[in-house]
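I have placed the structure first, in the form of structure tokens, so that the comments after it can refer back to it.
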Amino acid sequence: MIDLWFVIIAFLWTGYFVLEGFDFGVGMLAPLVGRDPAGRRQSLQTIGPVWDGNEVWLITAVGAMFAAFPAWYAGLFSTYYLPVALVLVGLIVRGVGLEWRGKVTDPRWCDLGIVVGSALPAFLWGAIFAGLVFGGLPAALVGGAFSLAVCALHGAVFLALRTTGPVRRRARAAALTAGAVAVPAGALALSALGTFPALAAMAALAAATALSWRRREGWAFAATAGAIVLTSLAVFMELRGRPLPGLTLAEAASGAYTLTVLSWIGLITLPFVLVYQGWTYWVFRRRVRSAPVA
């Protein structure tokens, strides 16, 4: 049961990083690829129907940690209290910006909030998990920079996949620029792990950049998503033996009865959540086309 719930939590965090990763990237890049109000609106419309649903993965991952591994949950969020608090601030500011930019006369402050509220969590989640694995400020900074670059690449490829016109062309250029940063940053951040998933993640990032250059957006998006999955796998493989300094997974876990009850709840609810979110992406699968300013 302990191993099962560790795998479930790793799956939930991985889903969050993949889905919110392109949300963060789009939020950071929207003012760059959409250089007028119509372009920015077109960029943000690609995530408009899904961004709040993607955040549910974070709530579910944290809730599962709290229930299945309370000592791990307490140690993680107390040790990294300030970065986690800043993540929450960023998510709130981004949410306000996304919800209010269409309701105000001048959306520039909303756009700034979206950029900051996207970049802050993108950097801090990488810093937090790098700190968990390696410890120390330099490792956290490298992990944060890597995470930020990967989210930018992931978001740029998503924009190129989901838009048309000038926004699509600029998104391709942004993907090449982000890839030029993400690949060396990944070599620095992931080489220390030395595991097969980490090395495969580096290869996937290089492939995503090459595919973007060849204008194969669908395959490039699959490659960036694969790189995030492989990176998460490498991180959680390291955390399996020692989720926190001086704490084993067995010591961090809840009792057998609690894990059994959680397993039944997860078995019933998780398939419905996955089917619903898959249906949402299917409904909003078409490209967002450019439109004149109203």
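In the structure tokens, each chain is lettered A, B, ... as it comes, each chain's residues begin at 1, and ligands are numbered from 1 in order of appearance.
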Tell me, as a PDB file with all heavy atoms, in the first residue's frame, which residues lie within 8 Å of Val115 in chain A, counting only C-alpha atoms; anything in the same chain fewer than 2 positions away does not count.
ATOM      1  N   GLY A  27       1.208  31.564 -20.340  1.00  0.00           N
ATOM      2  CA  GLY A  27       1.075  32.793 -19.571  1.00  0.00           C
ATOM      3  C   GLY A  27       2.305  33.676 -19.662  1.00  0.00           C
ATOM      4  O   GLY A  27       2.190  34.907 -19.778  1.00  0.00           O
ATOM      5  N   MET A  28       3.480  33.061 -19.637  1.00  0.00           N
ATOM      6  CA  MET A  28       4.711  33.839 -19.736  1.00  0.00           C
ATOM      7  C   MET A  28       4.914  34.430 -21.127  1.00  0.00           C
ATOM      8  O   MET A  28       5.423  35.537 -21.284  1.00  0.00           O
ATOM      9  CB  MET A  28       5.918  32.953 -19.381  1.00  0.00           C
ATOM     10  CG  MET A  28       6.028  32.594 -17.924  1.00  0.00           C
ATOM     11  SD  MET A  28       7.572  31.708 -17.541  1.00  0.00           S
ATOM     12  CE  MET A  28       7.250  30.109 -18.276  1.00  0.00           C
ATOM     13  N   LEU A  29       4.521  33.688 -22.159  1.00  0.00           N
ATOM     14  CA  LEU A  29       4.845  34.079 -23.529  1.00  0.00           C
ATOM     15  C   LEU A  29       3.761  34.894 -24.212  1.00  0.00           C
ATOM     16  O   LEU A  29       4.012  35.462 -25.285  1.00  0.00           O
ATOM     17  CB  LEU A  29       5.112  32.818 -24.361  1.00  0.00           C
ATOM     18  CG  LEU A  29       6.331  31.987 -23.964  1.00  0.00           C
ATOM     19  CD1 LEU A  29       6.365  30.686 -24.757  1.00  0.00           C
ATOM     20  CD2 LEU A  29       7.615  32.766 -24.161  1.00  0.00           C
ATOM     21  N   ALA A  30       2.565  34.945 -23.643  1.00  0.00           N
ATOM     22  CA  ALA A  30       1.437  35.612 -24.328  1.00  0.00           C
ATOM     23  C   ALA A  30       1.765  37.032 -24.779  1.00  0.00           C
ATOM     24  O   ALA A  30       1.449  37.408 -25.924  1.00  0.00           O
ATOM     25  CB  ALA A  30       0.201  35.589 -23.438  1.00  0.00           C
ATOM     26  N   ARG A  94      -2.252  35.034 -11.047  1.00  0.00           N
ATOM     27  CA  ARG A  94      -2.521  34.580 -12.420  1.00  0.00           C
ATOM     28  C   ARG A  94      -4.009  34.344 -12.641  1.00  0.00           C
ATOM     29  O   ARG A  94      -4.576  34.741 -13.659  1.00  0.00           O
ATOM     30  CB  ARG A  94      -1.745  33.296 -12.705  1.00  0.00           C
ATOM     31  CG  ARG A  94      -1.923  32.789 -14.122  1.00  0.00           C
ATOM     32  CD  ARG A  94      -1.297  31.441 -14.319  1.00  0.00           C
ATOM     33  NE  ARG A  94      -1.997  30.408 -13.570  1.00  0.00           N
ATOM     34  CZ  ARG A  94      -2.109  29.145 -13.966  1.00  0.00           C
ATOM     35  NH1 ARG A  94      -1.582  28.769 -15.122  1.00  0.00           N
ATOM     36  NH2 ARG A  94      -2.739  28.262 -13.229  1.00  0.00           N
ATOM     37  N   ASP A 111      -2.413  41.425 -17.682  1.00  0.00           N
ATOM     38  CA  ASP A 111      -1.397  40.692 -18.439  1.00  0.00           C
ATOM     39  C   ASP A 111      -0.096  40.567 -17.648  1.00  0.00           C
ATOM     40  O   ASP A 111       0.560  39.511 -17.671  1.00  0.00           O
ATOM     41  CB  ASP A 111      -1.131  41.392 -19.768  1.00  0.00           C
ATOM     42  CG  ASP A 111      -2.307  41.288 -20.727  1.00  0.00           C
ATOM     43  OD1 ASP A 111      -3.157  40.396 -20.529  1.00  0.00           O
ATOM     44  OD2 ASP A 111      -2.383  42.108 -21.668  1.00  0.00           O
ATOM     45  N   LEU A 112       0.275  41.623 -16.951  1.00  0.00           N
ATOM     46  CA  LEU A 112       1.473  41.557 -16.113  1.00  0.00           C
ATOM     47  C   LEU A 112       1.295  40.522 -15.000  1.00  0.00           C
ATOM     48  O   LEU A 112       2.214  39.739 -14.712  1.00  0.00           O
ATOM     49  CB  LEU A 112       1.760  42.930 -15.508  1.00  0.00           C
ATOM     50  CG  LEU A 112       2.964  43.013 -14.557  1.00  0.00           C
ATOM     51  CD1 LEU A 112       4.253  42.628 -15.268  1.00  0.00           C
ATOM     52  CD2 LEU A 112       3.082  44.410 -13.949  1.00  0.00           C
ATOM     53  N   GLY A 113       0.117  40.503 -14.387  1.00  0.00           N
ATOM     54  CA  GLY A 113      -0.155  39.520 -13.358  1.00  0.00           C
ATOM     55  C   GLY A 113      -0.096  38.100 -13.885  1.00  0.00           C
ATOM     56  O   GLY A 113       0.390  37.186 -13.203  1.00  0.00           O
ATOM     57  N   GLY A 117       2.521  35.649 -12.433  1.00  0.00           N
ATOM     58  CA  GLY A 117       1.876  34.529 -11.778  1.00  0.00           C
ATOM     59  C   GLY A 117       2.125  33.207 -12.462  1.00  0.00           C
ATOM     60  O   GLY A 117       1.860  32.146 -11.873  1.00  0.00           O
ATOM     61  N   SER A 118       2.611  33.230 -13.689  1.00  0.00           N
ATOM     62  CA  SER A 118       3.012  32.003 -14.386  1.00  0.00           C
ATOM     63  C   SER A 118       4.487  31.698 -14.168  1.00  0.00           C
ATOM     64  O   SER A 118       4.871  30.547 -13.946  1.00  0.00           O
ATOM     65  CB  SER A 118       2.729  32.141 -15.887  1.00  0.00           C
ATOM     66  OG  SER A 118       1.363  32.334 -16.138  1.00  0.00           O
ATOM     67  N   ALA A 119       5.333  32.724 -14.250  1.00  0.00           N
ATOM     68  CA  ALA A 119       6.773  32.507 -14.115  1.00  0.00           C
ATOM     69  C   ALA A 119       7.162  32.101 -12.696  1.00  0.00           C
ATOM     70  O   ALA A 119       8.062  31.261 -12.508  1.00  0.00           O
ATOM     71  CB  ALA A 119       7.527  33.766 -14.525  1.00  0.00           C
TER      72      ALA A 119
END
Item checked: Long-range neighbours of Tyr257 in chain A as a PyMOL selection string, 12 Å cut-off, only C-alpha atoms, 6 positions minimum in chain -> chain A and resi 1-2+67-68+263-264
May I have the residues within 12 Å of Pro31 in chain A as a tab-separated table (two decimals) with N, CA and C atoms, in the first residue's frame, using only C-alpha atoms and disregarding those fewer than 2 positions away in the same chain?
chain	number	residue	atom	x	y	z
A	25	GLY	N	3.78	28.25	-19.43
A	25	GLY	CA	4.50	28.72	-20.60
A	25	GLY	C	3.68	29.69	-21.43
A	26	VAL	N	2.41	29.38	-21.64
A	26	VAL	CA	1.53	30.29	-22.39
A	26	VAL	C	1.39	31.62	-21.66
A	27	GLY	N	1.21	31.56	-20.34
A	27	GLY	CA	1.08	32.79	-19.57
A	27	GLY	C	2.31	33.68	-19.66
A	28	MET	N	3.48	33.06	-19.64
A	28	MET	CA	4.71	33.84	-19.74
A	28	MET	C	4.91	34.43	-21.13
A	29	LEU	N	4.52	33.69	-22.16
A	29	LEU	CA	4.84	34.08	-23.53
A	29	LEU	C	3.76	34.89	-24.21
A	33	VAL	N	4.34	36.67	-27.93
A	33	VAL	CA	3.86	36.11	-29.20
A	33	VAL	C	2.60	36.82	-29.68
A	34	GLY	N	1.88	37.43	-28.77
A	34	GLY	CA	0.71	38.23	-29.14
A	34	GLY	C	1.01	39.69	-28.92
A	35	ARG	N	1.45	40.37	-29.93
A	35	ARG	CA	1.96	41.73	-29.76
A	35	ARG	C	0.89	42.82	-29.88
A	36	ASP	N	-0.34	42.40	-29.97
A	36	ASP	CA	-1.46	43.34	-29.94
A	36	ASP	C	-2.56	42.69	-29.11
A	37	PRO	N	-3.60	43.45	-28.77
A	37	PRO	CA	-4.66	42.87	-27.92
A	37	PRO	C	-5.28	41.60	-28.50
A	38	ALA	N	-5.49	41.57	-29.81
A	38	ALA	CA	-6.08	40.38	-30.42
A	38	ALA	C	-5.15	39.17	-30.30
A	39	GLY	N	-3.85	39.40	-30.50
A	39	GLY	CA	-2.89	38.31	-30.40
A	39	GLY	C	-2.77	37.77	-28.99
A	40	ARG	N	-2.76	38.67	-28.02
A	40	ARG	CA	-2.69	38.21	-26.63
A	40	ARG	C	-3.96	37.45	-26.24
A	41	ARG	N	-5.09	37.96	-26.70
A	41	ARG	CA	-6.34	37.26	-26.41
A	41	ARG	C	-6.35	35.88	-27.07
A	42	GLN	N	-5.88	35.80	-28.31
A	42	GLN	CA	-5.81	34.52	-29.00
A	42	GLN	C	-4.91	33.53	-28.25
A	43	SER	N	-3.78	34.01	-27.77
A	43	SER	CA	-2.86	33.14	-27.02
A	43	SER	C	-3.50	32.60	-25.76
A	44	LEU	N	-4.11	33.47	-24.99
A	44	LEU	CA	-4.68	33.06	-23.71
A	44	LEU	C	-5.94	32.21	-23.89
A	107	PRO	N	-6.35	46.05	-19.91
A	107	PRO	CA	-5.94	44.78	-19.32
A	107	PRO	C	-4.44	44.64	-19.09
A	108	ARG	N	-3.68	45.73	-19.20
A	108	ARG	CA	-2.23	45.61	-19.09
A	108	ARG	C	-1.79	45.07	-17.73
A	109	TRP	N	-2.45	45.53	-16.66
A	109	TRP	CA	-2.08	45.02	-15.34
A	109	TRP	C	-2.45	43.55	-15.19
A	110	CYS	N	-3.55	43.17	-15.81
A	110	CYS	CA	-3.93	41.75	-15.80
A	110	CYS	C	-2.89	40.92	-16.54
A	111	ASP	N	-2.41	41.42	-17.68
A	111	ASP	CA	-1.40	40.69	-18.44
A	111	ASP	C	-0.10	40.57	-17.65
A	112	LEU	N	0.27	41.62	-16.95
A	112	LEU	CA	1.47	41.56	-16.11
A	112	LEU	C	1.30	40.52	-15.00
A	113	GLY	N	0.12	40.50	-14.39
A	113	GLY	CA	-0.15	39.52	-13.36
A	113	GLY	C	-0.10	38.10	-13.89
A	114	ILE	N	-0.56	37.89	-15.11
A	114	ILE	CA	-0.51	36.56	-15.72
A	114	ILE	C	0.93	36.13	-15.95
A	115	VAL	N	1.76	37.05	-16.44
A	115	VAL	CA	3.17	36.73	-16.68
A	115	VAL	C	3.88	36.38	-15.37
A	116	VAL	N	3.75	37.25	-14.38
A	116	VAL	CA	4.42	37.02	-13.09
A	116	VAL	C	3.85	35.78	-12.40
A	167	VAL	N	0.69	34.65	-34.42
A	167	VAL	CA	0.95	34.06	-33.10
A	167	VAL	C	1.63	32.71	-33.25
A	170	ARG	N	5.32	33.29	-34.29
A	170	ARG	CA	6.14	33.76	-33.18
A	170	ARG	C	6.33	32.68	-32.12
A	171	ALA	N	5.32	31.85	-31.94
A	171	ALA	CA	5.44	30.75	-30.98
A	171	ALA	C	6.52	29.76	-31.41
A	174	ALA	N	9.74	31.34	-30.52
A	174	ALA	CA	9.91	31.28	-29.07
A	174	ALA	C	10.31	29.88	-28.63
Determine, using only C-alpha atoms, which residues of range 112-187 of chain A have any atom at most 9 Å from an atom of range 208-231 of chain A, and tabulate each with its shortest atom pair and distance in Å to one decimal place, rows ordered by chain and then rising number, as CSV.
residue,atom,partner,partner_atom,distance
A:Val150,CA,A:Thr224,CA,7.7
A:Cys151,CA,A:Thr224,CA,8.8
A:Leu153,CA,A:Thr224,CA,7.4
A:His154,CA,A:Thr224,CA,5.6
A:Gly155,CA,A:Phe221,CA,8.8
A:Val157,CA,A:Phe221,CA,5.7
A:Phe158,CA,A:Phe221,CA,6.3
A:Ala160,CA,A:Glu217,CA,6.4
A:Leu161,CA,A:Glu217,CA,5.2
A:Arg172,CA,A:Ser212,CA,6.4
A:Ala173,CA,A:Trp213,CA,8.4
A:Ala175,CA,A:Ser212,CA,6.7
A:Leu176,CA,A:Thr209,CA,5.9
A:Thr177,CA,A:Thr209,CA,8.8
A:Ala178,CA,A:Thr209,CA,8.4
A:Gly179,CA,A:Thr209,CA,5.2
A:Ala180,CA,A:Thr209,CA,7.7
A:Val183,CA,A:Thr209,CA,8.4
Notebook entry, point to check: Pick the closest to Leu233 in chain A from A:Ala10, A:Leu141, A:Ala189, A:Leu249: which is it, counting only C-alpha atoms?
Noted result: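 Closest to Leu233 in chain A of all the choices is A:Ala10.
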Item checked: Distance query range 56-58 of chain A at most 8 Å, only C-alpha atoms, self and fewer than 2 positions along chain excluded, as an MDAnalysis selection string -> chainID A and resid 12:13 15:16 52:54 60:62
Note to self: Counting only C-alpha atoms, which residue out of A:Ala192, A:Ile92, A:Ala201, A:Leu244 sits closest to Ile128 in chain A?
What the structure shows: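 For Ile128 in chain A, the nearest of the given residues is A:Leu244.
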Return as CSV the residues of range 18-70 of chain A lying at most 8 Å from range 271-287 of chain A, together with the closest atom-to-atom pair for each and the distance in Å to one decimal, counting only C-alpha atoms, with rows in chain order and ascending residue number.
residue,atom,partner,partner_atom,distance
A:Thr46,CA,A:Arg287,CA,7.9
A:Pro49,CA,A:Phe284,CA,7.4
A:Val50,CA,A:Thr280,CA,7.5
A:Gly53,CA,A:Gln277,CA,7.6
Write the selection just made, keeping N, CA, C and O atoms, as a PDB file, in the first residue's frame?
ATOM      1  N   THR A  46      -6.163  29.754 -25.748  1.00  0.00           N
ATOM      2  CA  THR A  46      -5.760  28.348 -25.866  1.00  0.00           C
ATOM      3  C   THR A  46      -5.822  27.617 -24.533  1.00  0.00           C
ATOM      4  O   THR A  46      -6.009  26.405 -24.494  1.00  0.00           O
ATOM      5  N   PRO A  49     -10.193  27.374 -21.509  1.00  0.00           N
ATOM      6  CA  PRO A  49     -11.141  26.361 -21.036  1.00  0.00           C
ATOM      7  C   PRO A  49     -10.543  25.332 -20.084  1.00  0.00           C
ATOM      8  O   PRO A  49     -11.293  24.546 -19.506  1.00  0.00           O
ATOM      9  N   VAL A  50      -9.201  25.296 -19.929  1.00  0.00           N
ATOM     10  CA  VAL A  50      -8.594  24.163 -19.215  1.00  0.00           C
ATOM     11  C   VAL A  50      -7.711  24.549 -18.030  1.00  0.00           C
ATOM     12  O   VAL A  50      -7.381  23.683 -17.205  1.00  0.00           O
ATOM     13  N   GLY A  53      -9.008  23.672 -14.536  1.00  0.00           N
ATOM     14  CA  GLY A  53      -9.061  22.228 -14.348  1.00  0.00           C
ATOM     15  C   GLY A  53      -7.681  21.626 -14.129  1.00  0.00           C
ATOM     16  O   GLY A  53      -7.526  20.672 -13.353  1.00  0.00           O
TER      17      GLY A  53
END
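Interatomic distance, CA of Thr163 in chain A to CA of Arg289 in chain A: 5.8 Å.
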Range 133-135 of chain A surroundings by only C-alpha atoms, 12 Å radius, close-in-sequence under 6 positions cut, as a CSV table (one decimal) with C-alpha atoms, in the first residue's frame:
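Result went into around.csv, see below:
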chain,number,residue,atom,x,y,z
A,76,LEU,CA,7.9,19.5,2.8
A,79,THR,CA,10.7,23.4,5.2
A,80,TYR,CA,9.7,25.2,2.0
A,126,GLY,CA,11.7,23.3,-9.9
A,127,ALA,CA,13.6,24.9,-7.1
A,141,LEU,CA,18.5,27.8,-8.5
A,142,VAL,CA,19.6,25.4,-11.2
A,143,GLY,CA,16.4,23.4,-10.8
A,189,ALA,CA,20.3,19.8,-13.9
A,190,LEU,CA,19.6,16.2,-15.0
A,192,ALA,CA,23.6,14.9,-11.6
A,193,LEU,CA,20.8,12.3,-11.4
A,232,SER,CA,9.4,13.7,-12.8
A,234,ALA,CA,13.8,10.6,-12.2
A,235,VAL,CA,13.0,12.9,-9.3
A,236,PHE,CA,10.5,10.6,-7.7
A,237,MET,CA,12.9,7.6,-8.1
A,238,GLU,CA,15.3,9.6,-6.0
A,239,LEU,CA,12.7,10.6,-3.4
A,240,ARG,CA,11.5,6.9,-3.1
A,241,GLY,CA,14.3,6.1,-0.7
A,242,ARG,CA,14.4,9.4,1.2
A,243,PRO,CA,11.5,11.8,0.7
A,244,LEU,CA,13.0,14.1,3.4
A,245,PRO,CA,16.3,14.1,5.2
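Candidate residues A:Glu55, A:Leu148, A:Ala139, A:Ala252 were compared for distance to Leu91 in chain A, and the nearest is A:Glu55, using only C-alpha atoms.
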Next item on the list: Just give me the gap between CA of Ala152 in chain A and CA of Val7 in chain A in Å, one decimal is fine.
Entry: 27.1 Å
